[in-house]
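S.K.: Got start.csv for you, CSV, C-alpha atoms:
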```csv
chain,number,residue,atom,x,y,z
A,1,MET,CA,28.3,19.1,-121.5
A,2,SER,CA,27.9,16.3,-119.0
A,3,VAL,CA,25.6,13.3,-118.7
A,4,TYR,CA,24.3,14.9,-115.5
A,5,GLN,CA,23.0,17.9,-117.4
A,6,LEU,CA,21.2,15.7,-119.9
A,7,ASN,CA,19.6,13.7,-117.1
A,8,ARG,CA,18.7,16.8,-115.3
A,9,CYS,CA,17.0,18.3,-118.4
A,10,VAL,CA,14.9,15.2,-119.0
A,11,TYR,CA,14.1,14.9,-115.3
A,12,ASP,CA,12.8,18.5,-115.2
A,13,TRP,CA,10.8,18.0,-118.3
A,14,VAL,CA,9.1,14.9,-117.1
A,15,ARG,CA,8.4,16.4,-113.7
A,16,ALA,CA,7.0,19.6,-115.2
A,17,GLY,CA,4.1,17.7,-116.7
A,18,GLU,CA,3.2,15.7,-113.6
A,19,VAL,CA,0.6,16.5,-111.0
A,20,ASN,CA,2.6,17.7,-108.1
A,21,SER,CA,1.6,19.2,-104.8
A,22,VAL,CA,2.7,22.6,-106.1
A,23,ALA,CA,1.4,23.5,-109.6
A,24,GLY,CA,4.2,23.8,-112.2
A,25,ASP,CA,4.3,25.4,-115.7
A,26,GLY,CA,3.8,22.2,-117.6
A,27,ARG,CA,5.8,20.9,-120.5
A,28,VAL,CA,4.5,23.1,-123.3
A,29,ASP,CA,6.9,26.0,-122.8
A,30,PHE,CA,9.8,23.9,-121.4
A,31,ASP,CA,13.1,25.6,-122.4
A,32,SER,CA,16.1,23.3,-122.7
A,33,SER,CA,18.5,26.2,-123.3
A,34,ALA,CA,19.1,26.5,-119.5
A,35,TYR,CA,21.0,23.2,-119.6
A,36,GLU,CA,24.5,22.8,-120.8
A,37,LEU,CA,23.9,20.2,-123.5
A,38,THR,CA,26.0,19.4,-126.5
A,39,ASP,CA,24.4,20.0,-129.8
A,40,GLU,CA,23.9,16.3,-130.2
A,41,GLU,CA,22.2,16.0,-126.8
A,42,ARG,CA,20.0,18.9,-127.4
A,43,ALA,CA,18.9,17.6,-130.8
A,44,ALA,CA,18.1,14.2,-129.3
A,45,PHE,CA,16.0,15.7,-126.6
A,46,GLU,CA,14.1,18.1,-128.8
A,47,ALA,CA,13.5,15.3,-131.4
A,48,ARG,CA,12.4,12.8,-128.7
A,49,ASP,CA,15.1,10.5,-130.0
A,50,VAL,CA,14.8,7.7,-127.5
A,51,ALA,CA,17.6,5.6,-128.9
A,52,GLY,CA,19.9,8.5,-129.0
A,53,LEU,CA,19.2,9.5,-125.4
A,54,TYR,CA,19.7,5.9,-124.3
A,55,GLN,CA,23.0,5.7,-126.0
A,56,MET,CA,24.1,9.0,-124.5
A,57,GLY,CA,23.7,7.7,-121.0
A,58,LEU,CA,20.2,8.7,-119.9
A,59,HIS,CA,19.4,6.8,-116.8
A,60,GLN,CA,17.1,3.9,-117.6
A,61,VAL,CA,14.5,4.9,-115.1
A,62,LEU,CA,14.4,8.3,-116.9
A,63,VAL,CA,14.3,6.6,-120.3
A,64,ASN,CA,11.1,4.8,-119.2
A,65,ARG,CA,9.6,7.9,-117.7
A,66,PHE,CA,10.5,10.0,-120.8
A,67,CYS,CA,9.0,7.5,-123.1
A,68,ARG,CA,5.7,7.4,-121.2
A,69,ALA,CA,5.5,11.2,-121.0
A,70,ALA,CA,6.4,11.5,-124.6
A,71,GLY,CA,3.7,9.1,-125.7
A,72,PHE,CA,5.8,6.1,-126.7
A,73,ALA,CA,4.1,2.7,-126.1
A,74,ARG,CA,6.3,0.2,-124.3
A,75,ASP,CA,6.4,-2.1,-127.3
A,76,ASP,CA,7.4,0.8,-129.6
A,77,TYR,CA,10.3,1.9,-127.5
A,78,ARG,CA,11.5,-1.6,-127.0
A,79,LYS,CA,11.8,-1.8,-130.8
A,80,LEU,CA,13.9,1.3,-130.7
A,81,LEU,CA,16.2,0.0,-128.1
A,82,GLU,CA,16.5,-3.6,-129.1
A,83,PRO,CA,19.4,-3.0,-131.5
A,84,PHE,CA,21.5,-2.1,-128.5
A,85,GLY,CA,20.9,-5.2,-126.6
A,86,HIS,CA,23.3,-8.0,-126.2
A,87,ALA,CA,23.2,-11.7,-125.5
A,88,GLU,CA,23.7,-12.4,-121.8
A,89,GLU,CA,26.0,-15.3,-121.0
A,90,ARG,CA,26.1,-15.0,-117.3
A,91,LYS,CA,23.6,-17.0,-115.2
A,92,GLY,CA,22.0,-16.2,-111.9
A,93,ARG,CA,21.8,-18.8,-109.1
A,94,TRP,CA,18.1,-19.4,-109.9
A,95,GLN,CA,19.1,-20.6,-113.4
A,96,ARG,CA,21.7,-23.1,-112.2
B,1,MET,CA,3.4,-0.8,-77.5
B,2,ALA,CA,2.4,-1.2,-81.1
B,3,GLU,CA,1.9,-4.6,-82.7
B,4,ILE,CA,2.7,-5.3,-86.4
B,5,ALA,CA,-0.8,-6.7,-86.9
B,6,LEU,CA,-0.3,-7.3,-90.6
B,7,ALA,CA,2.8,-7.6,-92.8
B,8,TYR,CA,2.9,-8.2,-96.5
B,9,CYS,CA,4.6,-7.3,-99.7
B,10,ALA,CA,3.1,-6.7,-103.1
B,11,SER,CA,4.6,-6.0,-106.4
B,12,HIS,CA,3.7,-2.6,-107.8
B,13,ALA,CA,3.3,-1.7,-111.5
B,14,PRO,CA,1.6,1.5,-112.7
B,15,MET,CA,-0.3,-0.7,-115.2
B,16,MET,CA,-2.1,-2.5,-112.4
B,17,SER,CA,-4.0,0.8,-112.2
B,18,SER,CA,-3.7,2.4,-115.6
B,19,ALA,CA,-4.1,-0.8,-117.6
B,20,ARG,CA,-5.8,-3.1,-115.1
B,21,MET,CA,-7.9,-4.9,-117.7
B,22,ALA,CA,-5.0,-5.6,-120.0
B,23,ALA,CA,-4.0,-8.5,-117.8
B,24,PRO,CA,-5.7,-11.8,-118.4
B,25,GLN,CA,-8.7,-12.3,-116.0
B,26,ALA,CA,-7.2,-15.3,-114.2
B,27,GLN,CA,-4.1,-13.3,-113.4
B,28,ARG,CA,-6.0,-10.3,-112.3
B,29,ASP,CA,-8.3,-12.4,-110.1
B,30,ASN,CA,-5.4,-14.1,-108.4
B,31,PHE,CA,-3.3,-10.9,-107.8
B,32,PHE,CA,-6.1,-8.6,-106.8
B,33,GLY,CA,-7.7,-11.4,-104.8
B,34,ALA,CA,-4.6,-11.6,-102.6
B,35,LEU,CA,-4.7,-7.8,-102.1
B,36,THR,CA,-8.4,-8.0,-101.2
B,37,HIS,CA,-7.4,-10.7,-98.6
B,38,VAL,CA,-4.9,-8.4,-96.9
B,39,ARG,CA,-7.2,-5.4,-97.1
B,40,GLU,CA,-10.0,-7.4,-95.3
B,41,ALA,CA,-7.5,-8.7,-92.8
B,42,ALA,CA,-6.4,-5.2,-91.9
B,43,VAL,CA,-10.0,-4.1,-91.3
B,44,ALA,CA,-10.7,-7.2,-89.2
B,45,ARG,CA,-7.6,-6.7,-87.1
B,46,GLY,CA,-8.2,-3.0,-86.6
B,47,VAL,CA,-5.1,-1.6,-88.3
B,48,GLU,CA,-4.7,2.1,-87.3
B,49,ALA,CA,-1.8,3.1,-89.5
B,50,CYS,CA,0.6,1.7,-92.1
B,51,VAL,CA,4.2,1.9,-92.9
B,52,VAL,CA,4.9,1.4,-96.6
B,53,LEU,CA,8.4,0.8,-98.0
B,54,SER,CA,8.9,1.4,-101.7
B,55,ASN,CA,11.5,2.7,-104.1
B,56,GLU,CA,12.4,6.2,-105.4
B,57,HIS,CA,11.7,6.7,-109.1
B,58,PHE,CA,13.2,10.2,-109.4
B,59,THR,CA,10.1,11.7,-107.9
B,60,ASN,CA,11.5,13.3,-104.8
B,61,PHE,CA,15.2,13.0,-105.3
B,62,PHE,CA,17.7,13.5,-108.1
B,63,LEU,CA,21.4,13.0,-108.7
B,64,GLU,CA,22.4,16.0,-106.5
B,65,ASN,CA,21.3,14.2,-103.4
B,66,PHE,CA,20.0,10.7,-103.4
B,67,PRO,CA,19.4,9.1,-100.0
B,68,GLN,CA,19.5,5.3,-99.6
B,69,ILE,CA,16.5,5.6,-97.2
B,70,CYS,CA,14.2,8.5,-96.5
B,71,ILE,CA,11.5,8.3,-93.9
B,72,GLY,CA,8.4,10.5,-94.3
B,73,LEU,CA,7.7,12.4,-91.0
B,74,GLY,CA,5.1,14.8,-92.2
B,75,GLU,CA,1.5,15.3,-91.4
B,76,LYS,CA,0.6,14.7,-95.0
B,77,ASN,CA,2.1,13.6,-98.3
B,78,TRP,CA,0.9,14.1,-101.8
B,79,GLY,CA,0.2,11.6,-104.5
B,80,PRO,CA,0.1,10.1,-106.9
B,81,THR,CA,2.1,12.4,-109.1
B,82,GLU,CA,1.8,10.7,-112.4
B,83,GLU,CA,-0.8,12.6,-114.5
B,84,TRP,CA,-1.9,9.5,-116.3
B,85,LEU,CA,-2.4,7.3,-113.2
B,86,PRO,CA,-6.1,6.8,-112.6
B,87,ILE,CA,-6.0,7.4,-108.8
B,88,ASP,CA,-7.3,10.6,-107.3
B,89,LYS,CA,-4.5,13.1,-106.5
B,90,VAL,CA,-4.9,13.8,-102.8
B,91,TRP,CA,-3.1,14.6,-99.6
B,92,ILE,CA,-2.5,11.4,-97.8
B,93,PRO,CA,-2.5,11.7,-94.0
B,94,GLY,CA,0.9,10.9,-92.4
B,95,HIS,CA,1.7,9.9,-88.9
B,96,PRO,CA,4.4,12.2,-87.5
B,97,GLY,CA,4.5,10.4,-84.2
B,98,LEU,CA,5.3,7.1,-85.7
B,99,GLY,CA,7.5,8.5,-88.4
B,100,ASN,CA,9.7,10.4,-86.0
B,101,HIS,CA,9.9,7.4,-83.7
B,102,ILE,CA,11.1,5.2,-86.5
B,103,ALA,CA,13.7,7.8,-87.5
B,104,GLU,CA,15.0,8.2,-84.0
B,105,TYR,CA,15.0,4.5,-83.3
B,106,THR,CA,16.8,3.5,-86.5
B,107,LEU,CA,19.3,6.3,-86.0
B,108,ALA,CA,20.1,4.9,-82.6
B,109,ALA,CA,20.4,1.4,-84.1
B,110,GLY,CA,23.2,2.5,-86.4
B,111,PHE,CA,21.4,3.6,-89.6
B,112,ASP,CA,21.4,7.0,-91.1
B,113,PRO,CA,18.1,7.5,-92.8
B,114,ALA,CA,17.2,10.8,-94.4
B,115,PHE,CA,13.9,12.3,-93.5
B,116,SER,CA,11.3,14.4,-95.2
B,117,HIS,CA,8.4,16.4,-93.9
B,118,GLN,CA,6.6,16.3,-97.2
B,119,LEU,CA,7.0,13.6,-99.9
B,120,GLU,CA,5.5,13.3,-103.3
B,121,LEU,CA,4.3,9.7,-103.7
B,122,ASP,CA,4.3,8.1,-107.1
B,123,HIS,CA,2.9,4.8,-108.3
B,124,GLY,CA,5.5,2.9,-106.2
B,125,ILE,CA,3.6,3.5,-103.0
B,126,MET,CA,0.2,4.7,-104.3
B,127,THR,CA,-0.9,1.7,-106.3
B,128,VAL,CA,-0.4,-0.6,-103.4
B,129,TYR,CA,-1.7,1.9,-100.8
B,130,TYR,CA,-4.8,2.5,-102.9
B,131,GLU,CA,-5.6,-1.2,-103.1
B,132,PHE,CA,-5.1,-1.3,-99.3
B,133,ASP,CA,-7.3,1.7,-98.5
B,134,PRO,CA,-9.3,2.9,-101.5
B,135,ASP,CA,-10.5,5.9,-99.4
B,136,MET,CA,-6.9,6.8,-98.9
B,137,ARG,CA,-7.5,8.0,-95.3
B,138,LEU,CA,-5.4,5.5,-93.4
B,139,PRO,CA,-2.4,7.3,-91.9
B,140,LEU,CA,0.7,6.3,-93.9
B,141,VAL,CA,4.4,6.6,-93.0
B,142,PRO,CA,6.2,6.3,-96.3
B,143,ILE,CA,9.8,5.0,-96.4
B,144,VAL,CA,11.5,5.6,-99.7
B,145,GLN,CA,14.4,3.4,-100.7
B,146,ASN,CA,17.0,3.8,-103.4
B,147,CYS,CA,16.6,0.8,-105.6
B,148,ALA,CA,17.6,2.4,-108.9
B,149,VAL,CA,20.8,4.5,-108.8
B,150,GLN,CA,24.2,3.0,-108.2
B,151,PRO,CA,25.7,2.7,-105.7
B,152,LEU,CA,22.8,0.9,-104.0
B,153,MET,CA,22.4,-0.2,-100.4
B,154,PRO,CA,23.5,-3.9,-100.3
B,155,LEU,CA,20.6,-6.4,-99.9
B,156,ARG,CA,22.0,-7.5,-96.6
B,157,ARG,CA,21.9,-3.9,-95.3
B,158,ALA,CA,18.3,-3.5,-96.5
B,159,TYR,CA,17.3,-6.6,-94.6
B,160,ALA,CA,19.1,-5.3,-91.5
B,161,PHE,CA,17.4,-2.0,-91.7
B,162,GLY,CA,14.1,-3.9,-91.8
B,163,THR,CA,15.1,-5.7,-88.5
B,164,ALA,CA,15.6,-2.2,-86.9
B,165,LEU,CA,12.4,-1.0,-88.5
B,166,GLY,CA,10.4,-3.8,-87.0
B,167,ALA,CA,11.8,-3.3,-83.6
B,168,ALA,CA,11.1,0.4,-83.9
B,169,ILE,CA,7.4,-0.1,-84.7
B,170,ARG,CA,7.0,-2.6,-81.9
B,171,ALA,CA,8.5,-0.1,-79.5
B,172,TYR,CA,6.1,2.7,-80.4
B,173,PRO,CA,3.7,3.5,-77.6
B,174,GLY,CA,1.3,5.7,-79.6
B,175,LEU,CA,-0.6,3.0,-81.6
B,176,GLN,CA,-1.8,-0.5,-81.0
B,177,LYS,CA,-2.1,-2.0,-84.5
B,178,VAL,CA,0.3,-1.1,-87.4
B,179,ALA,CA,0.5,-2.7,-90.9
B,180,LEU,CA,3.9,-3.0,-92.5
B,181,ILE,CA,3.9,-3.2,-96.2
B,182,GLY,CA,6.6,-3.6,-98.9
B,183,ALA,CA,5.7,-2.4,-102.4
B,184,GLY,CA,7.9,-3.2,-105.3
B,185,GLY,CA,9.4,-5.8,-107.7
B,186,LEU,CA,9.4,-8.5,-108.5
B,187,SER,CA,11.3,-9.0,-111.8
B,188,HIS,CA,11.0,-6.4,-114.5
B,189,PHE,CA,13.1,-4.5,-117.0
B,190,ILE,CA,12.6,-0.8,-117.7
B,191,GLY,CA,14.2,1.7,-120.1
B,192,ASN,CA,16.4,-0.8,-121.8
B,193,PRO,CA,16.3,-3.3,-124.7
B,194,ARG,CA,14.7,-5.9,-122.5
B,195,VAL,CA,11.7,-3.8,-121.4
B,196,GLY,CA,8.7,-6.0,-121.1
B,197,ASP,CA,10.6,-9.2,-120.1
B,198,VAL,CA,9.7,-11.0,-116.9
B,199,GLU,CA,12.2,-13.4,-115.3
B,200,GLU,CA,9.7,-15.8,-113.9
B,201,GLY,CA,12.4,-18.3,-112.8
B,202,PHE,CA,13.9,-15.6,-110.5
B,203,ASP,CA,10.5,-14.6,-109.0
B,204,ARG,CA,9.6,-18.2,-108.1
B,205,TRP,CA,13.0,-18.8,-106.7
B,206,PHE,CA,12.9,-15.6,-104.6
B,207,LEU,CA,9.4,-16.4,-103.3
B,208,ASP,CA,10.4,-19.9,-102.5
B,209,ARG,CA,13.4,-18.7,-100.5
B,210,LEU,CA,11.2,-16.4,-98.5
B,211,GLU,CA,8.7,-19.2,-97.7
B,212,ARG,CA,11.5,-21.5,-96.6
B,213,GLY,CA,13.3,-18.9,-94.6
B,214,GLU,CA,16.4,-19.3,-96.7
B,215,ILE,CA,17.2,-15.6,-96.7
B,216,GLU,CA,20.9,-16.0,-96.7
B,217,GLU,CA,20.8,-17.3,-100.3
B,218,ILE,CA,19.1,-14.0,-101.3
B,219,LEU,CA,21.3,-11.7,-99.2
B,220,ALA,CA,24.4,-13.2,-100.7
B,221,MET,CA,23.6,-12.0,-104.2
B,222,PRO,CA,25.6,-9.1,-105.5
B,223,ASP,CA,23.7,-6.4,-107.5
B,224,SER,CA,25.3,-7.6,-110.7
B,225,GLU,CA,23.5,-10.9,-110.2
B,226,VAL,CA,20.2,-9.3,-109.3
B,227,GLU,CA,20.5,-7.2,-112.4
B,228,LEU,CA,20.3,-10.4,-114.5
B,229,ALA,CA,16.6,-10.6,-113.4
B,230,GLY,CA,16.0,-7.0,-114.5
B,231,ASN,CA,17.1,-3.5,-113.5
B,232,GLY,CA,13.8,-3.1,-111.8
B,233,THR,CA,14.4,-6.2,-109.7
B,234,HIS,CA,16.5,-4.2,-107.2
B,235,GLU,CA,13.2,-3.3,-105.7
B,236,ILE,CA,13.2,-6.6,-103.8
B,237,ARG,CA,14.9,-4.4,-101.1
B,238,SER,CA,11.4,-3.5,-99.9
B,239,TRP,CA,10.6,-7.2,-99.6
B,240,LEU,CA,13.8,-7.9,-97.7
B,241,ALA,CA,13.2,-5.1,-95.3
B,242,VAL,CA,9.8,-6.5,-94.4
B,243,ALA,CA,11.4,-10.0,-94.1
B,244,GLY,CA,13.9,-8.5,-91.7
B,245,ALA,CA,11.2,-6.9,-89.7
B,246,MET,CA,9.2,-10.1,-89.4
B,247,ALA,CA,12.0,-12.6,-88.8
B,248,PRO,CA,11.9,-15.4,-87.6
B,249,LEU,CA,8.5,-15.6,-89.3
B,250,ASN,CA,8.6,-16.9,-92.9
B,251,ALA,CA,6.5,-15.5,-95.7
B,252,THR,CA,3.5,-17.2,-97.2
B,253,LYS,CA,2.9,-16.6,-100.9
B,254,LEU,CA,-0.6,-15.6,-101.6
B,255,ALA,CA,-0.3,-15.0,-105.3
B,256,TYR,CA,2.2,-14.9,-108.1
B,257,GLU,CA,1.6,-14.1,-111.7
B,258,PRO,CA,4.0,-13.1,-114.5
B,259,VAL,CA,1.8,-10.4,-116.0
B,260,GLN,CA,3.3,-9.6,-119.4
B,261,PRO,CA,0.9,-6.7,-120.1
B,262,TRP,CA,2.2,-5.1,-116.9
B,263,ILE,CA,5.8,-6.0,-117.7
B,264,THR,CA,6.3,-7.3,-114.1
B,265,GLY,CA,6.3,-10.4,-112.0
B,266,MET,CA,3.4,-9.7,-109.7
B,267,GLY,CA,3.6,-11.3,-106.3
B,268,VAL,CA,1.9,-11.0,-103.0
B,269,ALA,CA,3.2,-12.6,-99.8
B,270,VAL,CA,2.2,-12.2,-96.2
B,271,TRP,CA,4.1,-12.8,-93.0
B,272,GLU,CA,1.2,-14.2,-91.1
B,273,THR,CA,1.3,-12.9,-87.6
B,274,GLU,CA,-1.9,-14.7,-86.5
B,275,ASP,CA,-1.1,-18.1,-88.0
B,276,LYS,CA,1.7,-19.6,-85.9
B,277,GLU,CA,2.1,-22.5,-88.3
B,278,THR,CA,4.4,-20.4,-90.4
B,279,VAL,CA,6.8,-19.7,-87.6
B,280,ARG,CA,10.1,-21.4,-88.0
```
Go ahead and express the file in the form of structure tokens.
M.R.:
Amino acid sequence: MSVYQLNRCVYDWVRAGEVNSVAGDGRVDFDSSAYELTDEERAAFEARDVAGLYQMGLHQVLVNRFCRAAGFARDDYRKLLEPFGHAEERKGRWQR
Amino acid sequence: MAEIALAYCASHAPMMSSARMAAPQAQRDNFFGALTHVREAAVARGVEACVVLSNEHFTNFFLENFPQICIGLGEKNWGPTEEWLPIDKVWIPGHPGLGNHIAEYTLAAGFDPAFSHQLELDHGIMTVYYEFDPDMRLPLVPIVQNCAVQPLMPLRRAYAFGTALGAAIRAYPGLQKVALIGAGGLSHFIGNPRVGDVEEGFDRWFLDRLERGEIEEILAMPDSEVELAGNGTHEIRSWLAVAGAMAPLNATKLAYEPVQPWITGMGVAVWETEDKETVR
């Protein structure tokens, strides 16, 4: 029900599969029902819908970590996100 | 008192370990050649411990509590956490004496760093530390910075923290030779439609300013401008902290390569403490 819950869910899923100092349960039996997600958020998480998660406000560091953990190659996930990009008109001082 | 016997910064990218050979050979040779140079310099100078600044990638902290700076005080820290990163998962020795001293000194200097007695170290620190000491036995004081979650510590504040950090290390009586390392940047985009882009113009501008000592031009940038060079580019805070610690020395660029397969501008610069020609 909040973007925090979505971020927390993805964060816990990513971390569950990592090699931490204390062994965890892994990602296989990860249960997203403990998180207060909307039906749309839960569906996007379960379907590994990268574009949907990005649009719903998943932090971009977590988008990156989610994609790697879920097996998306960088070029593949870029293609999924490219439709949401926009032309940048501002310039940095190194471009002037 | 301790001497900062070696100070350098290096970009980190997990692919420098996990997809090392994906980079063109000339780029690999240049980047890793620079890291070999600093590793050999550390051995030659008798470095006893290192302090490594890098950024938090949601490995230790999450949105409930996200410190701008966290100093590792523990006897050991674990890493790397990424299951796919081809570096042995081990306990890395810490240095509680130096870590506590840095925390106390920077608190007294007006900063409010968090502290941790056990950190999980991800690729941010581990890729660079591994190249520095492949045996992973050199005592390491990790300092984790927020470079990803708004609101961020301003660039100027990161530089000022570095100034206090440098003074803290130099005031530590328990060691003779300490290496100070910044690990992060340079330009890169992650988790958004521009993932894979490298803003080479920014990277060369940034390195040039560090070499000339024109820090003010960098510190004047708001985050919204840094963001134009990539959401990962906020990691230059680690470089600015080292620059603050080493002022008035200027940096000397050892290598820069825009490595597309690693999606990052990969730079190495040293603040050469033994070559007085670089002093302003």
S.K.: Expressed in Å to a single decimal, how great is the separation between atom CA of Ala183 of chain B and atom CA of Ser18 of chain B?
M.R.: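 If I compute the distance from atom CA of Ala183 of chain B to atom CA of Ser18 of chain B, I get 16.9 Å.
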S.K.: Do you have the atom CA of Val3 of chain A-atom CA of Phe45 of chain A distance handy?
M.R.: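 Separation of atom CA of Val3 of chain A and atom CA of Phe45 of chain A: 12.7 Å.
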S.K.: Atom CA of Val128 of chain B and atom CA of Phe32 of chain B are how many Å apart?
M.R.: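 If I compute the distance from atom CA of Val128 of chain B to atom CA of Phe32 of chain B, I get 10.4 Å.
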S.K.: Give the answer as one residue: which of A:Arg8, A:Leu62, A:Glu40, A:Trp94 has the shortest atom-to-atom distance to Glu56 of chain B, using all atoms listed in the file?
M.R.: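 So, comparing all the options, the nearest one is A:Leu62.
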S.K.: Using only C-alpha atoms for the distances, tell me which of B:Asn65, B:Thr36, B:Ser224, B:Gln176 is nearest to chain A.
M.R.: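 Of all the options, B:Ser224 lies closest to chain A.
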S.K.: Please report, as JSON lines, each residue of segment 29-84 of chain A lying at most 9 Å from segment 140-159 of chain B, together with the nearest pair of atoms and the separation in Å rounded to one decimal; use only C-alpha atoms, and order rows by chain and ascending residue number.
M.R.:
```
{"residue": "A:His59", "atom": "CA", "partner": "B:Val149", "partner_atom": "CA", "distance": 8.4}
{"residue": "A:Gln60", "atom": "CA", "partner": "B:Ala148", "partner_atom": "CA", "distance": 8.8}
{"residue": "A:Val61", "atom": "CA", "partner": "B:Ala148", "partner_atom": "CA", "distance": 7.4}
```
S.K.: Need to verify the contact set: Arg93 of chain A, 10 Å, all atoms listed in the file, exclusion of same-chain residues closer than 6 positions in sequence. Can you return it as a VMD selection string?
M.R.: chain B and resid 202 205 217 to 218 221 225 to 226
S.K.: Find the residue from B:Val270, B:Ala108, B:Met15, B:Ala255 that sits nearest to chain A; use all atoms listed in the file when measuring.
M.R.: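 Comparing B:Val270, B:Ala108, B:Met15, B:Ala255 against chain A, the winner is B:Met15.
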S.K.: Ranking B:Ile190, B:Ile92, B:Val242, B:Ala251 by minimum distance to Asp75 of chain A and counting all atoms listed in the file, which one comes first?
M.R.: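 Nearest to Asp75 of chain A: B:Ile190.
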S.K.: Could you tell me, as number ranges by chain, which residues have any atom at most 10 Å from (21.2, 22.3, -120.7), counting only C-alpha atoms?
M.R.: A: 1-2, 4-10, 31-39, 41-42
S.K.: I need the residue nearest chain B from this list: A:Ala87, A:Arg78, A:Gly26, A:Leu58. Use all atoms listed in the file for the distance.
M.R.: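 When distances to chain B are compared using all atoms listed in the file, the smallest one comes from A:Arg78.
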S.K.: If we count all atoms listed in the file, what is near Ala69 of chain A at a cut-off of 9 Å, once residues fewer than 5 positions away on the same chain are taken out, given as a list in words?
M.R.: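 Non-adjacent residues within range: Val14, Gly17, Glu18 and Asn64 of chain A; Trp84 of chain B.
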S.K.: So which residues touch Ala10 of chain B within 7 Å, counting all atoms listed in the file, skipping near sequence neighbours fewer than 4 positions away, as JSON, numbers by chain?
M.R.: {"B": [182, 183, 184, 267, 268, 269]}
S.K.: Provide segment 20-36 of chain A of the preceding structure as a file containing N, CA and C atoms, as a JSON list (two decimals), in the first residue's frame.
M.R.:
```json
[["chain", "number", "residue", "atom", "x", "y", "z"],
["A", 20, "ASN", "N", 25.49, -13.74, 2.93],
["A", 20, "ASN", "CA", 25.69, -12.85, 4.06],
["A", 20, "ASN", "C", 26.43, -13.56, 5.18],
["A", 21, "SER", "N", 26.82, -12.81, 6.17],
["A", 21, "SER", "CA", 27.58, -13.40, 7.26],
["A", 21, "SER", "C", 26.73, -14.38, 8.07],
["A", 22, "VAL", "N", 25.45, -14.20, 8.05],
["A", 22, "VAL", "CA", 24.52, -15.14, 8.68],
["A", 22, "VAL", "C", 23.67, -15.76, 7.59],
["A", 23, "ALA", "N", 23.67, -17.07, 7.51],
["A", 23, "ALA", "CA", 22.96, -17.75, 6.43],
["A", 23, "ALA", "C", 21.47, -17.45, 6.48],
["A", 24, "GLY", "N", 20.89, -17.18, 5.34],
["A", 24, "GLY", "CA", 19.45, -16.92, 5.26],
["A", 24, "GLY", "C", 18.71, -18.08, 4.63],
["A", 25, "ASP", "N", 17.46, -17.84, 4.28],
["A", 25, "ASP", "CA", 16.62, -18.92, 3.74],
["A", 25, "ASP", "C", 16.66, -18.98, 2.21],
["A", 26, "GLY", "N", 17.35, -18.04, 1.58],
["A", 26, "GLY", "CA", 17.37, -18.05, 0.14],
["A", 26, "GLY", "C", 16.10, -17.44, -0.44],
["A", 27, "ARG", "N", 16.03, -17.41, -1.76],
["A", 27, "ARG", "CA", 14.90, -16.76, -2.42],
["A", 27, "ARG", "C", 13.79, -17.73, -2.81],
["A", 28, "VAL", "N", 14.07, -19.03, -2.74],
["A", 28, "VAL", "CA", 13.13, -20.01, -3.30],
["A", 28, "VAL", "C", 11.76, -19.92, -2.63],
["A", 29, "ASP", "N", 11.74, -19.88, -1.33],
["A", 29, "ASP", "CA", 10.46, -19.88, -0.61],
["A", 29, "ASP", "C", 10.06, -18.49, -0.14],
["A", 30, "PHE", "N", 10.57, -17.48, -0.80],
["A", 30, "PHE", "CA", 10.26, -16.11, -0.38],
["A", 30, "PHE", "C", 8.76, -15.86, -0.48],
["A", 31, "ASP", "N", 8.19, -15.29, 0.57],
["A", 31, "ASP", "CA", 6.74, -15.09, 0.63],
["A", 31, "ASP", "C", 6.43, -13.59, 0.66],
["A", 32, "SER", "N", 5.86, -13.09, -0.42],
["A", 32, "SER", "CA", 5.58, -11.66, -0.50],
["A", 32, "SER", "C", 4.29, -11.27, 0.23],
["A", 33, "SER", "N", 3.57, -12.28, 0.77],
["A", 33, "SER", "CA", 2.29, -11.95, 1.41],
["A", 33, "SER", "C", 2.48, -11.15, 2.70],
["A", 34, "ALA", "N", 3.68, -11.18, 3.23],
["A", 34, "ALA", "CA", 3.94, -10.42, 4.46],
["A", 34, "ALA", "C", 4.01, -8.92, 4.21],
["A", 35, "TYR", "N", 4.01, -8.51, 2.98],
["A", 35, "TYR", "CA", 4.15, -7.09, 2.64],
["A", 35, "TYR", "C", 2.81, -6.52, 2.19],
["A", 36, "GLU", "N", 2.56, -5.30, 2.57],
["A", 36, "GLU", "CA", 1.29, -4.65, 2.21],
["A", 36, "GLU", "C", 1.41, -4.05, 0.82]]
```
